[in-house]
>>> print(open('target-v9.cif').read())   # mmCIF, C-alpha atoms
data_protein
loop_
_atom_site.group_PDB
_atom_site.id
_atom_site.type_symbol
_atom_site.label_atom_id
_atom_site.label_comp_id
_atom_site.auth_asym_id
_atom_site.auth_seq_id
_atom_site.Cartn_x
_atom_site.Cartn_y
_atom_site.Cartn_z
ATOM 1 C CA GLY A 1463 -21.032 -88.984 -84.215
ATOM 2 C CA GLY A 1464 -20.668 -91.693 -81.594
ATOM 3 C CA CYS A 1465 -20.091 -89.252 -78.748
ATOM 4 C CA ALA A 1466 -23.010 -87.095 -79.881
ATOM 5 C CA ARG A 1467 -25.336 -90.093 -79.967
ATOM 6 C CA TYR A 1468 -24.166 -91.230 -76.535
ATOM 7 C CA PHE A 1469 -24.827 -87.833 -74.965
ATOM 8 C CA ALA A 1470 -28.255 -87.475 -76.550
ATOM 9 C CA GLY A 1471 -29.267 -91.041 -75.768
ATOM 10 C CA LYS A 1472 -27.966 -90.965 -72.196
ATOM 11 C CA THR A 1473 -29.110 -87.514 -71.084
ATOM 12 C CA GLY A 1474 -31.751 -86.441 -73.588
ATOM 13 C CA CYS A 1475 -29.845 -83.272 -74.437
ATOM 14 C CA SER A 1476 -29.745 -81.725 -77.900
ATOM 15 C CA VAL A 1477 -26.397 -82.039 -79.683
ATOM 16 C CA LEU A 1478 -24.967 -80.303 -82.721
ATOM 17 C CA ALA A 1479 -22.244 -82.525 -84.232
ATOM 18 C CA VAL A 1480 -19.774 -80.804 -86.564
ATOM 19 C CA GLU A 1481 -17.622 -82.962 -88.859
ATOM 20 C CA ILE A 1482 -15.255 -81.591 -91.489
ATOM 21 C CA GLN A 1483 -14.841 -84.854 -93.427
ATOM 22 C CA GLU A 1484 -17.779 -85.418 -95.755
ATOM 23 C CA ASP A 1485 -17.601 -89.232 -95.704
ATOM 24 C CA LEU A 1486 -17.594 -89.359 -91.917
ATOM 25 C CA HIS A 1487 -20.439 -86.850 -91.833
ATOM 26 C CA ARG A 1488 -22.579 -89.022 -94.120
ATOM 27 C CA ALA A 1489 -21.846 -92.137 -92.064
ATOM 28 C CA ALA A 1490 -22.719 -90.298 -88.846
ATOM 29 C CA CYS A 1491 -26.019 -89.089 -90.295
ATOM 30 C CA GLU A 1492 -26.933 -92.622 -91.333
ATOM 31 C CA LEU A 1493 -26.087 -94.123 -87.943
ATOM 32 C CA THR A 1494 -27.951 -91.391 -86.056
ATOM 33 C CA GLY A 1495 -30.965 -92.026 -88.274
ATOM 34 C CA ARG A 1496 -30.838 -95.716 -87.497
ATOM 35 C CA CYS A 1497 -30.807 -94.907 -83.781
ATOM 36 C CA GLY A 1498 -33.829 -92.641 -84.122
ATOM 37 C CA LEU A 1499 -32.122 -89.816 -82.225
ATOM 38 C CA SER A 1500 -33.943 -86.680 -83.322
ATOM 39 C CA LYS A 1501 -31.996 -84.518 -80.858
ATOM 40 C CA VAL A 1502 -28.690 -85.034 -82.699
ATOM 41 C CA HIS A 1503 -28.167 -82.646 -85.596
ATOM 42 C CA HIS A 1504 -25.229 -83.022 -87.977
ATOM 43 C CA ILE A 1505 -23.413 -80.328 -89.928
ATOM 44 C CA ALA A 1506 -20.535 -80.906 -92.346
ATOM 45 C CA GLY A 1507 -17.840 -78.248 -92.468
ATOM 46 C CA ASP A 1508 -15.127 -76.274 -90.719
ATOM 47 C CA ILE A 1509 -16.102 -75.151 -87.219
ATOM 48 C CA LEU A 1510 -14.271 -71.847 -87.745
ATOM 49 C CA GLN A 1511 -16.589 -71.067 -90.653
ATOM 50 C CA ILE A 1512 -19.738 -72.670 -89.273
ATOM 51 C CA GLY A 1513 -19.255 -70.882 -85.952
ATOM 52 C CA GLU A 1514 -19.850 -67.547 -87.674
ATOM 53 C CA HIS A 1515 -23.435 -68.600 -88.416
ATOM 54 C CA LEU A 1516 -24.346 -70.143 -85.062
ATOM 55 C CA GLN A 1517 -26.181 -68.317 -82.263
ATOM 56 C CA PRO A 1518 -23.740 -66.788 -79.758
ATOM 57 C CA ASN A 1519 -24.055 -67.571 -76.040
ATOM 58 C CA SER A 1520 -26.327 -70.550 -76.716
ATOM 59 C CA TYR A 1521 -24.312 -73.722 -76.030
ATOM 60 C CA SER A 1522 -23.832 -75.094 -72.528
ATOM 61 C CA THR A 1523 -20.929 -77.364 -73.524
ATOM 62 C CA ILE A 1524 -18.439 -77.689 -76.357
ATOM 63 C CA ALA A 1525 -16.681 -81.052 -76.318
ATOM 64 C CA SER A 1526 -13.818 -82.360 -78.410
ATOM 65 C CA TRP A 1527 -12.102 -85.725 -78.511
ATOM 66 C CA LEU A 1528 -8.839 -85.634 -80.490
ATOM 67 C CA THR A 1529 -10.159 -82.859 -82.708
ATOM 68 C CA VAL A 1530 -8.382 -79.674 -81.638
ATOM 69 C CA LEU A 1531 -5.072 -81.232 -82.709
ATOM 70 C CA HIS A 1532 -6.189 -80.947 -86.341
ATOM 71 C CA ILE A 1533 -6.739 -77.179 -86.114
ATOM 72 C CA THR A 1534 -3.719 -74.922 -86.499
ATOM 73 C CA ASN A 1535 -5.415 -71.602 -85.698
ATOM 74 C CA ARG A 1536 -6.179 -72.368 -82.072
ATOM 75 C CA ARG A 1537 -6.674 -68.753 -81.066
ATOM 76 C CA ALA A 1538 -9.518 -68.403 -83.578
ATOM 77 C CA LEU A 1539 -10.965 -71.752 -82.482
ATOM 78 C CA PHE A 1540 -10.971 -70.921 -78.788
ATOM 79 C CA GLU A 1541 -12.392 -67.447 -79.420
ATOM 80 C CA THR A 1542 -15.184 -69.084 -81.424
ATOM 81 C CA CYS A 1543 -15.842 -71.469 -78.542
ATOM 82 C CA LYS A 1544 -16.042 -68.596 -76.085
ATOM 83 C CA LYS A 1545 -18.470 -66.730 -78.335
ATOM 84 C CA LEU A 1546 -20.760 -69.746 -78.685
ATOM 85 C CA LEU A 1547 -20.757 -70.826 -75.035
ATOM 86 C CA SER A 1548 -23.385 -69.530 -72.650
ATOM 87 C CA ASP A 1549 -22.288 -67.920 -69.365
ATOM 88 C CA GLN A 1550 -20.477 -70.518 -67.242
ATOM 89 C CA GLY A 1551 -20.513 -72.809 -70.273
ATOM 90 C CA VAL A 1552 -17.936 -75.602 -70.360
ATOM 91 C CA PHE A 1553 -15.199 -76.329 -72.887
ATOM 92 C CA TYR A 1554 -13.976 -79.948 -72.664
ATOM 93 C CA ALA A 1555 -11.152 -81.457 -74.687
ATOM 94 C CA GLU A 1556 -9.069 -84.611 -74.748
ATOM 95 C CA ASP A 1557 -6.136 -83.893 -76.979
ATOM 96 C CA PHE A 1558 -2.453 -84.299 -77.852
ATOM 97 C CA TYR A 1559 0.283 -81.920 -76.735
ATOM 98 C CA GLU A 1560 4.050 -81.773 -77.132
ATOM 99 C CA LYS A 1561 5.401 -83.310 -73.924
ATOM 100 C CA GLY A 1562 9.085 -83.489 -74.862
ATOM 101 C CA THR A 1563 10.727 -82.247 -78.040
ATOM 102 C CA LEU A 1564 9.241 -83.986 -81.052
ATOM 103 C CA THR A 1565 11.783 -85.352 -83.513
ATOM 104 C CA GLY A 1566 11.576 -84.742 -87.243
ATOM 105 C CA GLU A 1567 10.326 -88.297 -87.770
ATOM 106 C CA GLU A 1568 7.652 -87.882 -85.095
ATOM 107 C CA LYS A 1569 6.463 -84.606 -86.609
ATOM 108 C CA LYS A 1570 6.277 -86.314 -90.003
ATOM 109 C CA ILE A 1571 4.107 -89.118 -88.598
ATOM 110 C CA LEU A 1572 1.807 -86.609 -86.922
ATOM 111 C CA ARG A 1573 1.577 -84.522 -90.068
ATOM 112 C CA GLU A 1574 1.036 -87.359 -92.559
ATOM 113 C CA GLU A 1575 -0.805 -89.990 -90.500
ATOM 114 C CA VAL A 1576 -2.743 -87.921 -87.959
ATOM 115 C CA TYR A 1577 -3.145 -84.706 -90.004
ATOM 116 C CA CYS A 1578 -1.692 -82.733 -87.116
ATOM 117 C CA ARG A 1579 0.627 -79.957 -88.254
ATOM 118 C CA TYR A 1580 1.151 -78.206 -84.944
ATOM 119 C CA LEU A 1581 1.250 -79.225 -81.299
ATOM 120 C CA PRO A 1582 1.884 -76.797 -78.451
ATOM 121 C CA LYS A 1583 3.486 -77.455 -75.112
ATOM 122 C CA LEU A 1584 0.906 -77.921 -72.356
ATOM 123 C CA GLU A 1585 1.586 -74.489 -70.879
ATOM 124 C CA ARG A 1586 1.048 -72.867 -74.281
ATOM 125 C CA TYR A 1587 -2.201 -74.825 -74.692
ATOM 126 C CA GLN A 1588 -3.521 -73.377 -71.447
ATOM 127 C CA ASP A 1589 -2.325 -69.888 -72.321
ATOM 128 C CA ASP A 1590 -4.180 -70.054 -75.643
ATOM 129 C CA LEU A 1591 -7.403 -70.833 -73.795
ATOM 130 C CA LYS A 1592 -6.848 -68.042 -71.280
ATOM 131 C CA GLU A 1593 -5.989 -65.497 -73.963
ATOM 132 C CA ALA A 1594 -9.262 -66.344 -75.711
ATOM 133 C CA GLY A 1595 -11.129 -65.499 -72.503
ATOM 134 C CA LEU A 1596 -11.683 -69.006 -71.128
ATOM 135 C CA GLN A 1597 -10.803 -69.940 -67.566
ATOM 136 C CA VAL A 1598 -8.892 -73.215 -67.200
ATOM 137 C CA GLU A 1599 -10.501 -75.265 -64.421
ATOM 138 C CA LYS A 1600 -8.808 -78.655 -64.667
ATOM 139 C CA VAL A 1601 -5.811 -80.183 -66.436
ATOM 140 C CA GLU A 1602 -5.264 -83.941 -66.242
ATOM 141 C CA ASP A 1603 -2.305 -85.605 -67.930
ATOM 142 C CA LEU A 1604 -3.427 -88.779 -69.727
ATOM 143 C CA THR A 1605 -0.090 -89.636 -71.339
ATOM 144 C CA GLU A 1606 0.634 -92.805 -69.374
ATOM 145 C CA ASP A 1607 -2.891 -94.159 -69.841
ATOM 146 C CA TRP A 1608 -2.825 -93.470 -73.569
ATOM 147 C CA ALA A 1609 0.656 -94.950 -73.960
ATOM 148 C CA GLN A 1610 -0.549 -98.170 -72.340
ATOM 149 C CA TYR A 1611 -3.763 -98.171 -74.359
ATOM 150 C CA THR A 1612 -2.111 -97.626 -77.749
ATOM 151 C CA ASN A 1613 0.488 -100.312 -77.018
ATOM 152 C CA LYS A 1614 -2.142 -102.855 -75.941
ATOM 153 C CA ARG A 1615 -4.320 -101.978 -78.940
ATOM 154 C CA ASN A 1616 -1.429 -102.555 -81.303
ATOM 155 C CA GLN A 1617 -0.510 -105.888 -79.713
ATOM 156 C CA ALA A 1618 -4.106 -107.100 -79.727
ATOM 157 C CA PHE A 1619 -4.509 -106.077 -83.354
ATOM 158 C CA LEU A 1620 -1.423 -108.027 -84.416
ATOM 159 C CA LYS A 1621 -2.509 -111.042 -82.379
ATOM 160 C CA ASP A 1622 -5.838 -111.193 -84.245
ATOM 161 C CA LYS A 1623 -4.263 -110.839 -87.684
ATOM 162 C CA GLU A 1624 -5.746 -113.980 -89.210
ATOM 163 C CA THR A 1625 -9.312 -113.134 -88.202
ATOM 164 C CA LEU A 1626 -8.984 -109.472 -89.164
ATOM 165 C CA VAL A 1627 -7.526 -110.227 -92.600
ATOM 166 C CA GLU A 1628 -10.339 -112.676 -93.250
ATOM 167 C CA THR A 1629 -12.940 -110.120 -92.179
ATOM 168 C CA PHE A 1630 -11.572 -106.868 -93.665
ATOM 169 C CA GLY A 1631 -8.990 -107.945 -96.235
ATOM 170 C CA GLU A 1632 -5.219 -107.701 -96.405
ATOM 171 C CA ASP A 1633 -5.048 -104.071 -97.571
ATOM 172 C CA THR A 1634 -7.198 -102.732 -94.739
ATOM 173 C CA PHE A 1635 -5.285 -104.799 -92.203
ATOM 174 C CA ARG A 1636 -1.939 -103.477 -93.442
ATOM 175 C CA ARG A 1637 -3.108 -99.850 -93.313
ATOM 176 C CA LEU A 1638 -4.372 -100.200 -89.750
ATOM 177 C CA GLU A 1639 -1.309 -102.190 -88.712
ATOM 178 C CA ASP A 1640 0.883 -99.344 -89.917
ATOM 179 C CA PHE A 1641 -1.251 -96.670 -88.226
ATOM 180 C CA TYR A 1642 -1.634 -98.428 -84.861
ATOM 181 C CA GLY A 1643 2.077 -99.220 -84.807
ATOM 182 C CA LYS A 1644 3.065 -95.633 -85.492
ATOM 183 C CA ILE A 1645 0.768 -94.202 -82.821
ATOM 184 C CA ALA A 1646 2.080 -96.670 -80.243
ATOM 185 C CA LYS A 1647 5.612 -95.698 -81.258
ATOM 186 C CA LEU A 1648 4.836 -91.995 -80.827
ATOM 187 C CA PHE A 1649 3.678 -92.469 -77.258
ATOM 188 C CA SER A 1650 6.515 -94.836 -76.378
ATOM 189 C CA GLY A 1651 8.988 -92.177 -77.530
ATOM 190 C CA GLY A 1652 8.041 -89.933 -74.608
ATOM 191 C CA ASN A 1653 7.636 -86.738 -76.637
ATOM 192 C CA LEU A 1654 3.905 -86.963 -77.348
ATOM 193 C CA GLY A 1655 1.516 -86.272 -74.511
ATOM 194 C CA GLY A 1656 -2.192 -86.710 -73.931
ATOM 195 C CA VAL A 1657 -4.287 -84.370 -71.834
ATOM 196 C CA ARG A 1658 -7.815 -83.681 -70.603
ATOM 197 C CA ILE A 1659 -8.566 -79.978 -70.262
ATOM 198 C CA ILE A 1660 -11.728 -78.404 -68.857
ATOM 199 C CA ALA A 1661 -12.297 -74.661 -69.106
ATOM 200 C CA THR A 1662 -15.263 -72.386 -68.534
ATOM 201 C CA LYS A 1663 -16.550 -69.133 -69.936
ATOM 202 C CA ALA A 1664 -16.081 -66.643 -67.137
#
>>> encode(input="target-v9.cif", output="structure tokens")
Amino acid sequence: GGCARYFAGKTGCSVLAVEIQEDLHRAACELTGRCGLSKVHHIAGDILQIGEHLQPNSYSTIASWLTVLHITNRRALFETCKKLLSDQGVFYAEDFYEKGTLTGEEKKILREEVYCRYLPKLERYQDDLKEAGLQVEKVEDLTEDWAQYTNKRNQAFLKDKETLVETFGEDTFRRLEDFYGKIAKLFSGGNLGGVRIIATKA
């Protein structure tokens, strides 16, 4: 929702925001309404199912921030993206990939905390895009930046414990403390990577 509102507010473009989680969808709709952004339209559901009912060749850009990692059937996803994109349309993603060899514990954290059941190597990620008919234009490794960010976020969160507990309560603080700590640990382990990938519809 936030990215959709930023794009629409900054550029005036029309945005279709797809969210699979109903509670997040409702919150996004409310916030977009408060902003008065009539060019942002929200749909709740699975993009693989929703994509079957959208107009082919009609979207100039499909953008994803840490979303593809939740979808196991990447071939179907990327083929859907190609179908929906207009000629020379752009696919943009910032995502996780398997940089080293994930341990059993790391896979468990990804599966249970991030809802990520599968991560490809970076080469496989690019091959999946190519096999779906998209042309990879740029690949930028963000692992080091994200490792630093997640570590600093975790440290800052712990430093502000007293204020955060007072504001959000002990239970919420403990849940976020656990999550932020585990994500920082994943990146510090050297097996989880972050990447920015840009591809186009040839």
>>> atom_distance(input="target-v9.cif", atom1="CA of Tyr1559 (chain A)", atom2="CA of Arg1579 (chain A)")
11.7 Å
>>> residues_around(input="target-v9.cif", residues="region 1523-1526 of chain A", least_positions_apart="3", cutoff="8 Å", atoms="only C-alpha atoms", output="list in words")
Thr1529, Val1530, Cys1543, Leu1547, Gly1551, Val1552, Phe1553, Tyr1554, Ala1555, Glu1556 and Asp1557 of chain A
>>> atom_distance(input="target-v9.cif", atom1="CA of Leu1654 (chain A)", atom2="CA of Ile1482 (chain A)")
24.4 Å
>>> residues_around(input="target-v9.cif", residues="Lys1544 (chain A)", least_positions_apart="6", cutoff="12 Å", atoms="all atoms listed in the file", output="MDAnalysis selection string")
chainID A and resid 1513 1517:1524 1537:1538 1550:1553 1590:1597 1661:1664
>>> atom_distance(input="target-v9.cif", atom1="CA of Leu1510 (chain A)", atom2="CA of Glu1492 (chain A)")
24.6 Å
>>> residues_near_point(input="target-v9.cif", point="(-25.5, -90.6, -79.9)", cutoff="9 Å", atoms="only C-alpha atoms", output="PyMOL selection string")
chain A and resi 1463-1472+1477+1493-1494+1497+1499+1501-1502
>>> write_last_selection(input="target-v9.cif", atoms="C-alpha atoms", output="PDB file, in the coordinates of the input")
ATOM      1  CA  GLY A1463     -21.032 -88.984 -84.215  1.00  0.00           C
ATOM      2  CA  GLY A1464     -20.668 -91.693 -81.594  1.00  0.00           C
ATOM      3  CA  CYS A1465     -20.091 -89.252 -78.748  1.00  0.00           C
ATOM      4  CA  ALA A1466     -23.010 -87.095 -79.881  1.00  0.00           C
ATOM      5  CA  ARG A1467     -25.336 -90.093 -79.967  1.00  0.00           C
ATOM      6  CA  TYR A1468     -24.166 -91.230 -76.535  1.00  0.00           C
ATOM      7  CA  PHE A1469     -24.827 -87.833 -74.965  1.00  0.00           C
ATOM      8  CA  ALA A1470     -28.255 -87.475 -76.550  1.00  0.00           C
ATOM      9  CA  GLY A1471     -29.267 -91.041 -75.768  1.00  0.00           C
ATOM     10  CA  LYS A1472     -27.966 -90.965 -72.196  1.00  0.00           C
ATOM     11  CA  VAL A1477     -26.397 -82.039 -79.683  1.00  0.00           C
ATOM     12  CA  LEU A1493     -26.087 -94.123 -87.943  1.00  0.00           C
ATOM     13  CA  THR A1494     -27.951 -91.391 -86.056  1.00  0.00           C
ATOM     14  CA  CYS A1497     -30.807 -94.907 -83.781  1.00  0.00           C
ATOM     15  CA  LEU A1499     -32.122 -89.816 -82.225  1.00  0.00           C
ATOM     16  CA  LYS A1501     -31.996 -84.518 -80.858  1.00  0.00           C
ATOM     17  CA  VAL A1502     -28.690 -85.034 -82.699  1.00  0.00           C
TER      18      VAL A1502
END
>>> closest_residue(input="target-v9.cif", among="A:Leu1516, A:Glu1628, A:Gly1495, A:Leu1620", to="Lys1545 (chain A)", atoms="all atoms listed in the file")
A:Leu1516
>>> closest_residue(input="target-v9.cif", among="A:Thr1542, A:Ile1533, A:Leu1478, A:Phe1558", to="Asp1603 (chain A)", atoms="all atoms listed in the file")
A:Phe1558
>>> axis_aligned_box(input="target-v9.cif", around="region 1635-1653 of chain A", padding_each_side="3 Å", output="JSON")
{"center_x": 1.9, "center_y": -95.8, "center_z": -84.0, "size_x": 20.3, "size_y": 24.1, "size_z": 24.8}
>>> residues_around(input="target-v9.cif", residues="region 1637-1645 of chain A", least_positions_apart="2", cutoff="8 Å", atoms="all atoms listed in the file", output="PDB file with C-alpha atoms, keeping the file's coordinate frame")
ATOM      1  CA  ILE A1571       4.107 -89.118 -88.598  1.00  0.00           C
ATOM      2  CA  GLU A1575      -0.805 -89.990 -90.500  1.00  0.00           C
ATOM      3  CA  THR A1612      -2.111 -97.626 -77.749  1.00  0.00           C
ATOM      4  CA  ARG A1615      -4.320-101.978 -78.940  1.00  0.00           C
ATOM      5  CA  ASN A1616      -1.429-102.555 -81.303  1.00  0.00           C
ATOM      6  CA  PHE A1619      -4.509-106.077 -83.354  1.00  0.00           C
ATOM      7  CA  LEU A1620      -1.423-108.027 -84.416  1.00  0.00           C
ATOM      8  CA  ASP A1633      -5.048-104.071 -97.571  1.00  0.00           C
ATOM      9  CA  THR A1634      -7.198-102.732 -94.739  1.00  0.00           C
ATOM     10  CA  PHE A1635      -5.285-104.799 -92.203  1.00  0.00           C
ATOM     11  CA  LYS A1647       5.612 -95.698 -81.258  1.00  0.00           C
ATOM     12  CA  LEU A1648       4.836 -91.995 -80.827  1.00  0.00           C
ATOM     13  CA  PHE A1649       3.678 -92.469 -77.258  1.00  0.00           C
TER      14      PHE A1649
END
>>> closest_residue(input="target-v9.cif", among="A:Gly1655, A:Pro1582, A:Gly1566, A:Gly1631", to="Ala1609 (chain A)", atoms="only C-alpha atoms")
A:Gly1655
>>> closest_residue(input="target-v9.cif", among="A:Asp1549, A:His1503, A:Cys1475, A:Asn1535", to="Ala1490 (chain A)", atoms="all atoms listed in the file")
A:His1503
>>> decode(input="target-v9.cif", residues="region 1622-1633 of chain A", atoms="N, CA, C and O atoms", output="short mmCIF file (atom, residue, chain, number, x, y, z; two decimals), in the first residue's frame")
data_model
loop_
_atom_site.label_atom_id
_atom_site.label_comp_id
_atom_site.auth_asym_id
_atom_site.auth_seq_id
_atom_site.Cartn_x
_atom_site.Cartn_y
_atom_site.Cartn_z
N ASP A 1622 15.79 1.13 22.19
CA ASP A 1622 14.59 1.89 22.53
C ASP A 1622 13.54 1.05 23.25
O ASP A 1622 12.35 1.37 23.22
N LYS A 1623 13.98 -0.02 23.88
CA LYS A 1623 13.04 -0.96 24.49
C LYS A 1623 12.04 -0.29 25.42
O LYS A 1623 10.82 -0.53 25.32
N GLU A 1624 12.52 0.52 26.33
CA GLU A 1624 11.63 1.12 27.33
C GLU A 1624 10.50 1.92 26.68
O GLU A 1624 9.32 1.76 27.03
N THR A 1625 10.86 2.76 25.71
CA THR A 1625 9.86 3.57 25.03
C THR A 1625 8.90 2.71 24.22
O THR A 1625 7.67 2.95 24.22
N LEU A 1626 9.43 1.72 23.54
CA LEU A 1626 8.59 0.86 22.69
C LEU A 1626 7.63 0.01 23.51
O LEU A 1626 6.47 -0.18 23.12
N VAL A 1627 8.09 -0.50 24.64
CA VAL A 1627 7.20 -1.30 25.50
C VAL A 1627 6.08 -0.42 26.04
O VAL A 1627 4.92 -0.84 26.09
N GLU A 1628 6.42 0.80 26.41
CA GLU A 1628 5.41 1.72 26.93
C GLU A 1628 4.38 2.07 25.86
O GLU A 1628 3.19 2.21 26.14
N THR A 1629 4.84 2.18 24.62
CA THR A 1629 3.96 2.58 23.52
C THR A 1629 3.11 1.42 23.00
O THR A 1629 1.89 1.57 22.78
N PHE A 1630 3.75 0.25 22.78
CA PHE A 1630 3.08 -0.86 22.10
C PHE A 1630 2.77 -2.06 22.99
O PHE A 1630 2.03 -2.96 22.58
N GLY A 1631 3.36 -2.10 24.18
CA GLY A 1631 3.12 -3.22 25.08
C GLY A 1631 4.22 -4.27 25.00
O GLY A 1631 4.93 -4.37 24.00
N GLU A 1632 4.35 -5.05 26.04
CA GLU A 1632 5.40 -6.04 26.14
C GLU A 1632 5.28 -7.13 25.08
O GLU A 1632 6.28 -7.55 24.48
N ASP A 1633 4.08 -7.62 24.84
CA ASP A 1633 3.90 -8.72 23.88
C ASP A 1633 4.33 -8.32 22.48
O ASP A 1633 5.04 -9.08 21.79
#
